[in-house]
>>> print(open('target_38.csv').read())   # CSV, C-alpha atoms and all ligand atoms
chain,number,residue,atom,x,y,z
G,13,MET,CA,62.1,-12.1,-64.3
G,14,SER,CA,64.9,-10.4,-62.5
G,15,LEU,CA,65.2,-10.7,-58.7
G,16,ARG,CA,67.8,-8.1,-57.9
G,17,TRP,CA,66.1,-5.3,-59.7
G,18,GLN,CA,62.3,-4.7,-59.6
G,19,ALA,CA,60.8,-1.5,-61.0
G,20,ALA,CA,58.1,-0.1,-58.8
G,21,LEU,CA,56.3,3.2,-58.1
G,22,LEU,CA,57.5,4.3,-54.7
G,23,ASP,CA,56.1,7.4,-52.9
G,24,PRO,CA,58.9,10.1,-52.8
G,25,LEU,CA,57.5,11.3,-49.5
G,26,ALA,CA,58.5,8.0,-47.8
G,27,PRO,CA,61.7,8.4,-45.7
G,28,ALA,CA,65.2,6.8,-46.1
G,29,GLY,CA,66.3,4.6,-48.9
G,30,SER,CA,69.1,4.9,-51.5
G,31,ALA,CA,69.2,7.1,-54.6
G,32,LEU,CA,70.7,7.3,-58.0
G,33,VAL,CA,71.7,10.8,-59.2
G,34,HIS,CA,71.1,11.5,-62.9
G,35,CYS,CA,71.5,14.4,-65.2
G,36,ARG,CA,71.5,14.4,-69.1
G,37,GLN,CA,72.3,10.7,-69.6
G,38,GLN,CA,75.0,10.7,-66.8
G,39,PHE,CA,75.0,9.3,-63.3
G,40,LEU,CA,77.0,10.3,-60.3
G,41,VAL,CA,79.5,7.6,-59.2
G,42,ASP,CA,81.8,7.4,-56.1
G,43,ALA,CA,84.0,4.7,-54.6
G,44,ASN,CA,80.9,3.0,-53.2
G,45,GLY,CA,79.2,2.8,-56.6
G,46,LEU,CA,76.1,4.4,-57.9
G,47,LEU,CA,73.6,4.3,-55.0
G,48,PHE,CA,73.9,7.0,-52.4
G,49,PRO,CA,72.2,7.3,-49.0
G,50,ARG,CA,69.2,9.5,-49.7
G,51,ASP,CA,69.3,11.4,-46.5
G,52,TRP,CA,72.9,12.3,-47.1
G,53,LEU,CA,72.1,13.5,-50.6
G,54,ARG,CA,69.3,15.7,-49.3
G,55,ARG,CA,71.8,17.6,-47.1
G,56,LEU,CA,74.0,18.5,-50.2
G,57,ASP,CA,71.3,20.9,-51.5
G,58,LEU,CA,71.6,19.7,-55.1
G,59,PRO,CA,69.8,21.4,-58.0
G,60,LEU,CA,66.9,19.0,-57.9
G,61,LEU,CA,64.4,19.0,-60.8
G,62,SER,CA,62.4,16.0,-59.8
G,63,GLU,CA,62.5,13.1,-57.4
G,64,GLN,CA,61.0,9.7,-58.4
G,65,GLY,CA,60.6,6.5,-56.5
G,66,ILE,CA,61.7,3.9,-59.1
G,67,GLY,CA,61.9,0.4,-57.5
G,68,TYR,CA,63.9,-2.1,-55.5
G,69,PHE,CA,67.5,-3.1,-55.9
G,70,GLU,CA,68.4,-6.2,-53.9
G,71,GLY,CA,65.2,-5.6,-51.9
G,72,GLU,CA,66.1,-2.0,-50.9
G,73,PRO,CA,64.0,1.0,-52.0
G,74,VAL,CA,65.6,3.1,-54.7
G,75,TYR,CA,64.8,6.7,-55.6
G,76,LEU,CA,66.1,8.9,-58.4
G,77,PHE,CA,67.3,12.5,-58.1
G,78,GLU,CA,67.1,14.2,-61.5
G,79,LEU,CA,69.3,17.3,-61.5
G,80,ASP,CA,69.1,20.5,-63.5
G,81,VAL,CA,72.9,20.6,-64.0
G,82,PRO,CA,75.6,18.0,-63.3
G,83,ALA,CA,76.6,19.6,-59.9
G,84,GLU,CA,80.0,18.8,-58.4
G,85,VAL,CA,79.9,16.5,-55.4
G,86,PRO,CA,83.2,16.0,-53.5
G,87,GLY,CA,84.7,12.5,-54.1
G,88,ALA,CA,82.2,11.7,-56.9
G,89,GLN,CA,82.3,11.9,-60.7
G,90,TRP,CA,79.8,11.9,-63.5
G,91,GLN,CA,79.8,8.9,-65.9
G,92,SER,CA,77.7,8.5,-69.0
G,93,LEU,CA,75.1,5.7,-69.3
G,94,ARG,CA,77.1,4.4,-72.3
G,95,GLN,CA,80.4,4.3,-70.3
G,96,LEU,CA,78.5,2.5,-67.5
G,97,MET,CA,77.1,0.0,-70.0
G,98,MET,CA,80.6,-0.8,-71.2
G,99,LEU,CA,81.8,-1.2,-67.6
G,100,HIS,CA,78.9,-3.0,-66.0
G,101,GLY,CA,76.9,-4.3,-69.0
G,102,GLU,CA,77.4,-7.9,-67.9
G,103,ASP,CA,75.5,-7.0,-64.7
G,104,ARG,CA,72.2,-7.1,-66.4
G,105,ASP,CA,70.1,-6.1,-63.3
G,106,LEU,CA,72.3,-3.1,-62.6
G,107,PHE,CA,72.1,-2.0,-66.2
G,108,ARG,CA,68.4,-2.5,-66.4
G,109,MET,CA,68.0,-0.3,-63.3
G,110,LEU,CA,70.2,2.4,-64.8
G,111,GLY,CA,68.4,2.2,-68.2
G,112,PHE,CA,65.0,2.6,-66.4
G,113,ALA,CA,66.3,5.4,-64.2
G,114,ALA,CA,67.8,7.3,-67.2
G,115,GLN,CA,64.5,7.1,-69.1
G,116,ILE,CA,62.3,8.2,-66.1
G,117,GLY,CA,64.7,11.0,-65.3
G,118,THR,CA,64.9,12.3,-68.9
G,119,TRP,CA,61.1,12.1,-69.2
G,120,ALA,CA,60.6,13.9,-65.8
G,121,SER,CA,63.0,16.7,-66.7
G,122,GLN,CA,61.4,17.2,-70.2
G,123,HIS,CA,57.8,17.3,-68.9
G,124,ARG,CA,58.0,20.0,-66.2
G,125,PHE,CA,55.8,22.3,-68.2
G,126,CYS,CA,52.6,21.5,-70.1
G,127,GLY,CA,53.2,21.5,-73.9
G,128,SER,CA,49.6,22.5,-74.4
G,129,CYS,CA,49.1,25.6,-72.0
G,130,GLY,CA,52.6,26.1,-70.5
G,131,SER,CA,51.6,25.6,-66.9
G,132,ARG,CA,53.9,23.8,-64.4
G,133,MET,CA,53.0,20.1,-64.4
G,134,GLU,CA,52.6,18.0,-61.3
G,135,GLN,CA,53.6,14.5,-60.5
G,136,ARG,CA,50.5,12.4,-60.3
G,137,PRO,CA,50.2,10.3,-57.1
G,138,GLY,CA,49.8,6.6,-57.6
G,139,GLU,CA,50.8,6.7,-61.3
G,140,ARG,CA,54.0,7.3,-63.3
G,141,ALA,CA,52.5,10.4,-65.0
G,142,MET,CA,52.9,14.1,-65.2
G,143,HIS,CA,49.6,16.0,-64.9
G,144,CYS,CA,48.7,19.6,-65.9
G,145,PRO,CA,46.4,21.1,-63.2
G,146,ALA,CA,45.1,23.8,-65.6
G,147,CYS,CA,44.1,21.8,-68.7
G,148,GLU,CA,44.2,18.2,-67.4
G,149,VAL,CA,46.7,16.9,-70.0
G,150,GLN,CA,48.6,13.8,-68.9
G,151,HIS,CA,52.0,12.7,-69.9
G,152,TYR,CA,53.4,9.2,-69.4
G,153,PRO,CA,57.0,8.1,-69.8
G,154,ARG,CA,58.1,8.5,-73.5
G,155,LEU,CA,58.8,5.4,-75.6
G,156,SER,CA,59.8,5.5,-79.3
G,157,PRO,CA,59.2,2.3,-81.2
G,158,SER,CA,62.1,1.6,-83.5
G,159,MET,CA,62.8,-1.3,-85.8
G,160,ILE,CA,66.2,-3.1,-86.1
G,161,VAL,CA,66.8,-5.7,-88.8
G,162,LEU,CA,69.4,-8.1,-89.9
G,163,VAL,CA,69.2,-8.5,-93.7
G,164,THR,CA,70.8,-11.7,-95.0
G,165,ARG,CA,71.6,-13.4,-98.4
G,166,GLU,CA,72.6,-17.0,-97.6
G,167,ASP,CA,76.0,-16.9,-96.0
G,168,GLU,CA,76.2,-13.1,-96.1
G,169,VAL,CA,74.8,-10.4,-93.8
G,170,LEU,CA,74.2,-6.7,-94.6
G,171,LEU,CA,75.9,-4.5,-92.0
G,172,ALA,CA,76.4,-0.8,-91.9
G,173,ARG,CA,78.4,1.9,-90.1
G,174,SER,CA,77.0,5.1,-88.7
G,175,PRO,CA,79.5,8.0,-88.2
G,176,ARG,CA,78.7,7.8,-84.5
G,177,PHE,CA,80.0,4.2,-84.1
G,178,ALA,CA,83.3,3.2,-82.6
G,179,PRO,CA,86.0,2.8,-85.2
G,180,GLY,CA,85.6,-0.3,-87.4
G,181,VAL,CA,82.3,-1.4,-85.9
G,182,TYR,CA,79.4,-2.5,-88.2
G,183,SER,CA,75.9,-3.1,-87.1
G,184,THR,CA,72.4,-4.0,-88.3
G,185,LEU,CA,70.1,-1.3,-89.8
G,186,ALA,CA,67.7,0.6,-87.4
G,187,GLY,CA,65.2,3.4,-87.5
G,188,TYR,CA,62.2,5.0,-85.8
G,189,VAL,CA,58.7,4.0,-86.7
G,190,GLU,CA,56.7,6.9,-88.3
G,191,PRO,CA,53.0,7.7,-87.5
G,192,GLY,CA,50.6,5.5,-89.3
G,193,GLU,CA,53.1,3.0,-90.4
G,194,SER,CA,53.3,-0.7,-89.4
G,195,VAL,CA,56.6,-2.0,-88.0
G,196,GLU,CA,56.9,-4.2,-91.1
G,197,GLU,CA,56.4,-1.2,-93.4
G,198,CYS,CA,59.1,0.7,-91.4
G,199,VAL,CA,61.5,-2.2,-91.9
G,200,VAL,CA,61.1,-2.1,-95.7
G,201,ARG,CA,61.2,1.7,-95.8
G,202,GLU,CA,64.3,2.1,-93.6
G,203,VAL,CA,66.3,-0.6,-95.5
G,204,ARG,CA,65.4,1.1,-98.8
G,205,GLU,CA,66.3,4.6,-97.4
G,206,GLU,CA,69.5,3.6,-95.7
G,207,VAL,CA,71.1,1.2,-98.2
G,208,GLY,CA,68.8,1.2,-101.3
G,209,VAL,CA,68.1,-2.5,-101.0
G,210,GLU,CA,64.8,-4.4,-101.3
G,211,ILE,CA,63.8,-7.1,-98.8
G,212,HIS,CA,61.1,-9.7,-98.5
G,213,THR,CA,59.1,-11.2,-95.6
G,214,PRO,CA,60.5,-9.3,-92.6
G,215,ARG,CA,60.0,-11.6,-89.6
G,216,TYR,CA,59.7,-10.4,-86.0
G,217,MET,CA,62.3,-12.1,-83.8
G,218,ALA,CA,62.6,-10.3,-80.4
G,219,SER,CA,62.5,-7.0,-78.6
G,220,GLN,CA,64.6,-4.9,-76.2
G,221,GLY,CA,64.1,-1.7,-74.3
G,222,TRP,CA,67.0,0.6,-75.2
G,223,PRO,CA,67.6,3.7,-73.1
G,224,PHE,CA,69.5,5.8,-75.7
G,225,PRO,CA,67.4,7.8,-75.2
G,226,HIS,CA,64.0,6.0,-75.0
G,227,SER,CA,63.7,3.4,-77.8
G,228,LEU,CA,61.7,0.2,-77.8
G,229,MET,CA,63.7,-1.9,-80.3
G,230,LEU,CA,61.6,-4.4,-82.3
G,231,GLY,CA,64.1,-6.9,-83.9
G,232,PHE,CA,63.5,-8.4,-87.3
G,233,HIS,CA,65.2,-10.8,-89.7
G,234,ALA,CA,64.6,-10.2,-93.5
G,235,GLU,CA,65.9,-11.8,-96.7
G,236,TYR,CA,67.5,-9.8,-99.5
G,237,ALA,CA,65.2,-9.4,-102.5
G,238,GLY,CA,67.1,-7.1,-104.9
G,239,GLY,CA,69.2,-4.0,-105.5
G,240,VAL,CA,72.8,-2.9,-104.9
G,241,ILE,CA,74.0,-1.2,-101.8
G,242,VAL,CA,73.8,2.6,-102.0
G,243,PRO,CA,74.5,4.1,-98.5
G,244,GLN,CA,72.3,7.1,-97.5
G,245,PRO,CA,74.8,10.0,-97.4
G,246,GLU,CA,74.1,11.6,-94.0
G,247,GLU,CA,73.3,8.5,-91.9
G,248,ILE,CA,75.4,5.7,-93.3
G,249,GLU,CA,79.2,6.0,-93.6
G,250,ASP,CA,79.6,2.5,-95.2
G,251,ALA,CA,77.5,-0.6,-95.7
G,252,ARG,CA,78.6,-4.0,-97.1
G,253,TRP,CA,77.8,-7.6,-97.4
G,254,PHE,CA,80.0,-9.6,-95.0
G,255,SER,CA,80.5,-13.3,-95.1
G,256,ILE,CA,79.5,-15.0,-91.9
G,257,HIS,CA,83.0,-16.5,-91.8
G,258,ASP,CA,84.7,-13.0,-91.9
G,259,LEU,CA,82.8,-10.5,-89.8
G,260,PRO,CA,84.0,-7.0,-88.8
G,261,PRO,CA,84.0,-5.8,-85.1
G,262,LEU,CA,80.3,-6.1,-83.9
G,263,PRO,CA,78.2,-4.0,-81.5
G,264,ALA,CA,78.2,-4.7,-77.7
G,265,THR,CA,76.9,-8.0,-76.5
G,266,GLN,CA,74.1,-6.3,-74.6
G,267,SER,CA,72.5,-5.0,-77.8
G,268,ILE,CA,69.8,-6.7,-79.7
G,269,ALA,CA,71.8,-5.9,-82.9
G,270,ARG,CA,74.4,-8.3,-81.7
G,271,TYR,CA,71.8,-10.8,-80.7
G,272,LEU,CA,70.2,-10.8,-84.1
G,273,ILE,CA,73.6,-11.4,-85.8
G,274,GLU,CA,74.6,-14.2,-83.3
G,275,LEU,CA,71.2,-15.8,-83.7
G,276,TYR,CA,71.6,-16.0,-87.5
G,277,LEU,CA,75.2,-17.3,-87.1
G,278,SER,CA,74.0,-20.0,-84.7
G,279,ARG,CA,71.4,-21.2,-87.1
G,280,ARG,CA,73.6,-21.1,-90.1
G,281,LEU,CA,76.6,-22.7,-88.4
G,282,GLY,CA,74.8,-25.1,-86.1
G,283,ARG,CA,76.0,-23.5,-82.9
G,284,PRO,CA,74.0,-23.0,-79.6
G,285,GLU,CA,71.6,-20.0,-79.7
G,286,PRO,CA,72.6,-16.8,-77.9
G,287,VAL,CA,70.5,-15.5,-74.9
G,288,LEU,CA,68.4,-12.5,-75.6
G,289,PRO,CA,69.9,-9.5,-73.7
G,290,GLY,CA,67.4,-8.1,-71.1
P,301,LIG,N1,69.9,-1.9,-79.2
P,301,LIG,C1,70.5,-1.9,-80.3
P,301,LIG,O1,71.0,-3.0,-80.7
P,301,LIG,C2,70.5,-0.7,-81.3
P,301,LIG,C3,69.7,0.3,-81.0
P,301,LIG,N2,69.6,1.4,-81.9
P,301,LIG,C4,68.7,2.5,-81.5
P,301,LIG,O2,67.7,2.6,-82.5
P,301,LIG,C5,67.1,3.9,-82.5
P,301,LIG,C6,66.9,4.3,-84.0
P,301,LIG,O3,68.1,4.2,-84.7
P,301,LIG,P1,68.6,5.3,-85.7
P,301,LIG,O4,69.3,4.6,-86.8
P,301,LIG,O5,69.3,6.3,-84.9
P,301,LIG,O6,67.2,6.0,-86.3
P,301,LIG,P2,66.8,6.6,-87.7
P,301,LIG,O7,67.5,5.8,-88.8
P,301,LIG,O8,65.3,6.7,-87.7
P,301,LIG,O9,67.5,8.0,-87.7
P,301,LIG,C7,67.8,8.8,-86.6
P,301,LIG,C8,67.2,10.2,-86.9
P,301,LIG,O10,65.8,10.2,-86.8
P,301,LIG,C9,65.4,11.4,-86.1
P,301,LIG,N3,64.8,11.0,-84.9
P,301,LIG,C10,65.3,11.1,-83.6
P,301,LIG,N4,64.4,10.7,-82.7
P,301,LIG,C11,63.3,10.4,-83.3
P,301,LIG,C12,62.0,9.8,-82.9
P,301,LIG,N5,61.8,9.6,-81.6
P,301,LIG,N6,61.1,9.5,-83.9
P,301,LIG,C13,61.4,9.8,-85.2
P,301,LIG,N7,62.6,10.3,-85.6
P,301,LIG,C14,63.5,10.6,-84.7
P,301,LIG,C15,66.6,12.2,-85.9
P,301,LIG,O11,66.7,13.1,-87.1
P,301,LIG,C16,67.7,11.2,-85.9
P,301,LIG,O12,68.9,11.8,-86.4
P,301,LIG,C17,68.1,4.7,-81.7
P,301,LIG,O13,67.5,5.0,-80.5
P,301,LIG,C18,69.3,3.9,-81.5
P,301,LIG,O14,70.0,4.1,-80.3
P,301,LIG,C19,70.3,1.4,-83.1
P,301,LIG,C20,71.2,0.3,-83.4
P,301,LIG,C21,71.4,-0.8,-82.5
P,302,MG,MG,69.0,4.4,-88.8
P,303,ZN,ZN,48.1,22.5,-69.6
>>> encode(input="target_38.csv", output="structure tokens")
Amino acid sequence: MSLRWQAALLDPLAPAGSALVHCRQQFLVDANGLLFPRDWLRRLDLPLLSEQGIGYFEGEPVYLFELDVPAEVPGAQWQSLRQLMMLHGEDRDLFRMLGFAAQIGTWASQHRFCGSCGSRMEQRPGERAMHCPACEVQHYPRLSPSMIVLVTREDEVLLARSPRFAPGVYSTLAGYVEPGESVEECVVREVREEVGVEIHTPRYMASQGWPFPHSLMLGFHAEYAGGVIVPQPEEIEDARWFSIHDLPPLPATQSIARYLIELYLSRRLGRPEPVLPG
């Protein structure tokens, strides 16, 4: 359990504190960092969509200002959550706070109106939920279960490239769980769809909350059972078997994709096991 960052439901009517400012997967940053005095922010008259009390960082209460548009603030710039992960990813507590804030902010901005009757939703006191006063519908923060799997064949691992990846980087296969499906069924289906390969006995390894934009990654290991690689045209730019002795550039160390690969290498090569990223 982290000590520097602790998520909590704080009352936005409480005074003082610090705040993060978020809009569309970007945070406001200035020379002092990402946390701004809340009273100072209030005086800027920002285009506020929602304010949420999100927790404690180093014991201090932290709020989130979710904005309608990325407004200009003198002396400050907007930085994407991805850029911030690259810059501060080693600071796990900071990144966990930012990931949580981004997900709460995105959810709050996308649940301002009731999807059922169109009325304006209200923040429910004492609970992280949006509530429709007209039809009583309740919306909690959105999470999308997704599987991620390392497929192996003895000293080889199956890695693929999405057109969105940084040049040269290959990663494990991932995909969203569909309604009515078990995660194990999703693993088999996604591997078949994305690379045309059959697997056997997918085994659950570990999980990770992933704020791009609101996935809960369920990490698996599976063994190759048959077929030749045929990449799915729209999603997979290239997919190959790589020898564990000759791997391409891999995803960021904070990702469970990297953890699954490193874990397999450690077991195969008798190295110490990696630490699960938080
Ligand atoms: N932490 C990690 O190590 C990694 C995390 N991921 C994450 O895994 C998730 C799924 O991976 P993808 O290969 O992109 O998924 P995918 O293979 O299911 O395909 C993505 C497509 O699914 C559809 N989609 C989008 N949101 C959806 C939702 N909530 N439910 C169902 N379908 C949806 C869209 O058409 C999207 O283009 C993403 O959030 C991605 O960021 C992916 C790789 C590594
Ligand atoms: Mg995928
Ligand atoms: Zn309603």
>>> residues_near_point(input="target_38.csv", point="(72.1, -9.7, -82.2)", cutoff="12 Å", atoms="all atoms listed in the file", output="VMD selection string")
chain G and resid 160 to 163 169 171 182 to 185 217 to 220 229 to 233 262 to 278 285 to 289
>>> residues_near_ligand(input="target_38.csv", ligand="ligand ZN 303 (chain P)", cutoff="9 Å", atoms="all atoms listed in the file", output="ChimeraX atom specification")
/G:125-133,143-150
>>> residues_around(input="target_38.csv", residues="Tyr188 (chain G)", least_positions_apart="2", cutoff="10 Å", atoms="all atoms listed in the file", output="list in words")
Ser156, Pro157, Ser158, Met159, Ile160, Ala186, Glu190, Pro191, Val195, Cys198, Val199, Glu202, Ser227, Leu228 and Met229 of chain G
>>> closest_residue(input="target_38.csv", among="G:Pro245, G:Pro27, G:Pro59, G:Pro153", to="ligand MG 302 (chain P)", atoms="all atoms listed in the file")
G:Pro245
>>> closest_atom_pairs(input="target_38.csv", of="region 99-195 of chain G", to="region 60-74 of chain G", cutoff="10 Å", atoms="all atoms listed in the file", output="JSON lines")
{"residue": "G:Asp105", "atom": "CA", "partner": "G:Phe69", "partner_atom": "CA", "distance": 8.4}
{"residue": "G:Leu106", "atom": "CA", "partner": "G:Phe69", "partner_atom": "CA", "distance": 8.2}
{"residue": "G:Met109", "atom": "CA", "partner": "G:Phe69", "partner_atom": "CA", "distance": 7.9}
{"residue": "G:Phe112", "atom": "CA", "partner": "G:Ile66", "partner_atom": "CA", "distance": 8.1}
{"residue": "G:Ala113", "atom": "CA", "partner": "G:Ile66", "partner_atom": "CA", "distance": 7.0}
{"residue": "G:Ile116", "atom": "CA", "partner": "G:Gln64", "partner_atom": "CA", "distance": 8.0}
{"residue": "G:Gly117", "atom": "CA", "partner": "G:Ser62", "partner_atom": "CA", "distance": 7.8}
{"residue": "G:Ala120", "atom": "CA", "partner": "G:Ser62", "partner_atom": "CA", "distance": 6.6}
{"residue": "G:Ser121", "atom": "CA", "partner": "G:Leu61", "partner_atom": "CA", "distance": 6.5}
{"residue": "G:Arg124", "atom": "CA", "partner": "G:Leu61", "partner_atom": "CA", "distance": 8.4}
{"residue": "G:Gln135", "atom": "CA", "partner": "G:Ser62", "partner_atom": "CA", "distance": 9.0}
{"residue": "G:Arg140", "atom": "CA", "partner": "G:Gln64", "partner_atom": "CA", "distance": 8.9}
>>> atom_distance(input="target_38.csv", atom1="atom C3 of ligand LIG 301 (chain P)", atom2="CA of Arg176 (chain G)")
12.2 Å
>>> residues_around(input="target_38.csv", residues="region 209-213 of chain G", least_positions_apart="2", cutoff="12 Å", atoms="all atoms listed in the file", output="ChimeraX atom specification")
/G:161-165,170,185,196-207,215-216,232-244,251-253
>>> closest_residue(input="target_38.csv", among="G:Gly111, G:Pro49, G:Gly180, G:Gly187", to="ligand MG 302 (chain P)", atoms="all atoms listed in the file")
G:Gly187
>>> atom_distance(input="target_38.csv", atom1="CA of Gln115 (chain G)", atom2="CA of Trp222 (chain G)")
9.3 Å
>>> closest_residue(input="target_38.csv", among="G:Arg173, G:Arg104, G:Arg283, G:Arg55", to="ligand MG 302 (chain P)", atoms="only C-alpha atoms and all ligand atoms")
G:Arg173
>>> atom_distance(input="target_38.csv", atom1="atom C18 of ligand LIG 301 (chain P)", atom2="CA of Phe224 (chain G)")
6.1 Å
>>> residues_near_point(input="target_38.csv", point="(74.5, 2.5, -66.0)", cutoff="9 Å", atoms="only C-alpha atoms", output="list in words")
Gln38, Phe39, Leu46, Gln91, Ser92, Leu93, Arg94, Gln95, Leu96, Met97, Met98, Leu99, His100, Gly101, Leu106, Phe107, Arg108, Met109, Leu110, Gly111, Ala113 and Ala114 of chain G
>>> closest_residue(input="target_38.csv", among="G:Arg279, G:Pro137, G:Phe177, G:Ser255", to="ligand MG 302 (chain P)", atoms="all atoms listed in the file")
G:Phe177
>>> closest_residue(input="target_38.csv", among="G:Arg136, G:Gln89, G:Ala141, G:Ala178", to="Pro260 (chain G)", atoms="all atoms listed in the file")
G:Ala178
>>> closest_residue(input="target_38.csv", among="G:Glu247, G:Ala43, G:Arg16, G:Asp23", to="ligand MG 302 (chain P)", atoms="all atoms listed in the file")
G:Glu247
>>> decode(input="target_38.csv", residues="region 103-125 of chain G", atoms="N, CA and C atoms", output="short mmCIF file (atom, residue, chain, number, x, y, z; two decimals), in the first residue's frame")
data_model
loop_
_atom_site.label_atom_id
_atom_site.label_comp_id
_atom_site.auth_asym_id
_atom_site.auth_seq_id
_atom_site.Cartn_x
_atom_site.Cartn_y
_atom_site.Cartn_z
N ASP G 103 8.11 7.57 -10.60
CA ASP G 103 7.47 8.01 -9.36
C ASP G 103 6.06 7.41 -9.33
N ARG G 104 5.99 6.19 -8.82
CA ARG G 104 4.74 5.43 -8.90
C ARG G 104 3.57 6.10 -8.23
N ASP G 105 3.84 6.74 -7.08
CA ASP G 105 2.73 7.35 -6.34
C ASP G 105 2.16 8.53 -7.11
N LEU G 106 3.05 9.31 -7.71
CA LEU G 106 2.59 10.45 -8.51
C LEU G 106 1.79 9.95 -9.71
N PHE G 107 2.31 8.93 -10.38
CA PHE G 107 1.62 8.42 -11.57
C PHE G 107 0.27 7.78 -11.20
N ARG G 108 0.24 7.11 -10.05
CA ARG G 108 -1.04 6.53 -9.62
C ARG G 108 -2.07 7.61 -9.34
N MET G 109 -1.61 8.72 -8.72
CA MET G 109 -2.53 9.83 -8.47
C MET G 109 -3.04 10.40 -9.79
N LEU G 110 -2.13 10.60 -10.75
CA LEU G 110 -2.53 11.19 -12.03
C LEU G 110 -3.47 10.25 -12.80
N GLY G 111 -3.18 8.97 -12.76
CA GLY G 111 -4.04 7.99 -13.43
C GLY G 111 -5.44 7.98 -12.84
N PHE G 112 -5.50 8.03 -11.52
CA PHE G 112 -6.80 8.05 -10.84
C PHE G 112 -7.55 9.34 -11.21
N ALA G 113 -6.83 10.47 -11.11
CA ALA G 113 -7.45 11.77 -11.40
C ALA G 113 -7.97 11.81 -12.84
N ALA G 114 -7.19 11.32 -13.79
CA ALA G 114 -7.61 11.35 -15.19
C ALA G 114 -8.88 10.53 -15.38
N GLN G 115 -8.95 9.38 -14.71
CA GLN G 115 -10.14 8.54 -14.89
C GLN G 115 -11.37 9.15 -14.25
N ILE G 116 -11.20 9.74 -13.06
CA ILE G 116 -12.34 10.37 -12.39
C ILE G 116 -12.80 11.59 -13.20
N GLY G 117 -11.84 12.37 -13.70
CA GLY G 117 -12.17 13.57 -14.46
C GLY G 117 -12.90 13.22 -15.76
N THR G 118 -12.40 12.21 -16.46
CA THR G 118 -13.01 11.79 -17.72
C THR G 118 -14.44 11.30 -17.48
N TRP G 119 -14.58 10.51 -16.44
CA TRP G 119 -15.90 9.99 -16.09
C TRP G 119 -16.86 11.13 -15.72
N ALA G 120 -16.39 12.07 -14.90
CA ALA G 120 -17.27 13.17 -14.46
C ALA G 120 -17.69 14.01 -15.68
N SER G 121 -16.75 14.26 -16.60
CA SER G 121 -17.10 15.11 -17.74
C SER G 121 -18.04 14.39 -18.70
N GLN G 122 -17.97 13.05 -18.74
CA GLN G 122 -18.82 12.30 -19.68
C GLN G 122 -20.14 11.84 -19.07
N HIS G 123 -20.37 12.20 -17.81
CA HIS G 123 -21.63 11.81 -17.16
C HIS G 123 -22.34 13.03 -16.58
N ARG G 124 -22.31 14.12 -17.32
CA ARG G 124 -22.99 15.33 -16.82
C ARG G 124 -24.49 15.25 -17.05
N PHE G 125 -24.89 14.46 -18.07
CA PHE G 125 -26.32 14.33 -18.38
C PHE G 125 -26.72 12.87 -18.32
#
